[in-house]
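Each remark here refers to the structure printed beneath this line.
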Amino acid sequence: ECGDKVIDVTKCSYVFDASAHTMAGAILGFTLVFRVSFAYTRYYECKGLLGALANGVRSLNVAACTLMHQEPSRRKDDSSLAQDIAEIRRLSSVLVGLIRHVIRESRHGIVPFAITPTSPTSDELLLEDPEGWPSLSVLLTDDEKVGFAKANTNARVGICATKLMRIIDDRRRLGHISERGAFEMLGRVDACLQACSDMQRILSSVMPFAFLHVMNFATFFFTMTAPFVFITSYKWLAALPSMLVTMSLYGSAELGSLMEDPFSWS
């Protein structure tokens with residue numbers, strides 16, 4: 001007999017045995033925890049690499065302002081040295097902007113929280129760059145905009161780093177910076193490139209689609225059958241614990257989905 005008088009699963013064909021559901025819930029919970037742990041590891045590593053990028057650019061600019069100078073015996077009003085120092089500071093900001101394009105804009109578009117993100121064009125990235133601070137449309141010269149437009153997104157990072165290295169090496173040969181100072185500055189540029197490469201590697205190493213598909217299907221089946229298990233204990237209030245279970249499982253799944261891509265607009 002089914003209805004309010006149901007107290008045992010054997011009395012109604014529309015009630016499920018709680019033991020099997022409990023075992024399935026334990027397995028599903030472990031799977032969701034594994035997915036969240038995997039996503040958090042990616043999130044933590046990417047944020048650490050973002051900090052390494054910021055430290056590399058900061059150290060490069062500090063070194064340019066403190067280590068680049070003329071010898072006291074030949075010190076004159078050399079405006080070209082000051083221009084190169086300013087150029088290093090500008091190109092370092094450009095480098096950060098180009099890396100930002102690689103890890104975010106080229107993957108999610110230039111419009112934040114767009115319903116259907118589209119792949120941006122070179123003109124949108126270089127001539128507009130609305131979310132840049134400062135925007136590359138301001139930092140780049142007209143000739144650089146044309147030159148960068150001919151290269152793909154990843155190659156632009158290498159081109160900018162090459163310009164930085166060329167300035168540092170030229171000043172080393174002119175004696176405006178010591179061998180050790182030049183080595184340290186080149187190391188900071190290399191650290192920025194390494195951080196960009198590691199972030200790309202992490203972002204490309206996603207959770208297998210088959211795993212996500214099975215997990216989503218199991219979560220859907222588990223939440224849809226939960227009321228048939230709670231009905232024996234909670235009667236017409238079975239919807240309340242079912243809603244709690246559903247929010248917990250899908251909330252954990254959504255948390256893992258958001259942390260899995262640390263550089264998305266969300």
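In the structure tokens, each chain is lettered A, B, ... as it comes, each chain's residues begin at 1, and ligands are numbered from 1 in order of appearance.
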
Point to revise | Contacts of Ser257 of chain A within 9 Å, only C-alpha atoms, excl. fewer than 6 positions in-chain, as a ChimeraX atom specification | key: /A:35-36,39

Review point. Do you know which residues are at most 7 Å from segment 116-122 of chain A counting only C-alpha atoms, after dropping those on the same chain fewer than 5 positions away, and could you put them as a ChimeraX atom specification?
Key: /A:106-110,149

May I have the residues within 9 Å of Gly29 of chain A as a PDB file with N, CA, C and O atoms, in the first residue's frame, using only C-alpha atoms and disregarding those fewer than 5 positions away in the same chain?
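The resulting file, out-v1.pdb, is shown below:
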```
ATOM      1  N   ALA A  24      25.748   4.520  -3.296  1.00  0.00           N
ATOM      2  CA  ALA A  24      25.954   5.335  -4.501  1.00  0.00           C
ATOM      3  C   ALA A  24      26.291   6.771  -4.137  1.00  0.00           C
ATOM      4  O   ALA A  24      27.117   7.421  -4.785  1.00  0.00           O
ATOM      5  N   PHE A  34      36.904  14.779  -5.415  1.00  0.00           N
ATOM      6  CA  PHE A  34      38.091  14.653  -6.264  1.00  0.00           C
ATOM      7  C   PHE A  34      38.095  15.721  -7.342  1.00  0.00           C
ATOM      8  O   PHE A  34      39.141  16.325  -7.623  1.00  0.00           O
ATOM      9  N   LEU A 249      25.161  18.796  -3.944  1.00  0.00           N
ATOM     10  CA  LEU A 249      25.881  18.115  -5.014  1.00  0.00           C
ATOM     11  C   LEU A 249      26.150  19.040  -6.194  1.00  0.00           C
ATOM     12  O   LEU A 249      27.279  19.127  -6.685  1.00  0.00           O
TER      13      LEU A 249
END
```

Review point. Atom CA of Leu255 of chain A to atom CA of Leu98 of chain A: how many Å, to one decimal?
Key: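 Separation of atom CA of Leu255 of chain A and atom CA of Leu98 of chain A: 28.4 Å.
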
**Study point:** Polymer residues at most 12 Å from segment 206-209 of chain A, only C-alpha atoms, same-chain spacing of 5 or more positions, as a list in words
**Key:** Phe34, Arg35, Val36, Ser37, Phe38, Ala39, Thr41, Arg42, Tyr43, Gln200, Arg201, Val214, Met215, Asn216, Gly256, Ser257, Met259, Glu260 and Asp261 of chain A

Using C-alpha atoms, can you write the selected residues to a file as a short mmCIF file (atom, residue, chain, number, x, y, z; two decimals), in the first residue's frame?
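Wrote again25.cif, looks like this:
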```cif
data_model
loop_
_atom_site.label_atom_id
_atom_site.label_comp_id
_atom_site.auth_asym_id
_atom_site.auth_seq_id
_atom_site.Cartn_x
_atom_site.Cartn_y
_atom_site.Cartn_z
CA PHE A 34 38.09 14.65 -6.26
CA ARG A 35 36.85 16.99 -8.98
CA VAL A 36 36.85 20.00 -6.62
CA SER A 37 40.33 19.08 -5.35
CA PHE A 38 41.62 18.84 -8.93
CA ALA A 39 40.07 22.21 -9.79
CA THR A 41 44.96 22.58 -7.47
CA ARG A 42 44.73 24.18 -10.91
CA TYR A 43 43.39 27.39 -9.39
CA GLN A 200 48.99 27.59 -20.81
CA ARG A 201 50.02 24.05 -19.90
CA VAL A 214 29.61 10.20 -16.17
CA MET A 215 29.77 12.36 -13.06
CA ASN A 216 27.04 14.70 -14.30
CA GLY A 256 34.75 22.82 -9.31
CA SER A 257 33.70 24.13 -12.71
CA MET A 259 37.84 27.02 -10.12
CA GLU A 260 38.89 24.84 -13.04
CA ASP A 261 39.40 27.96 -15.17
#
```
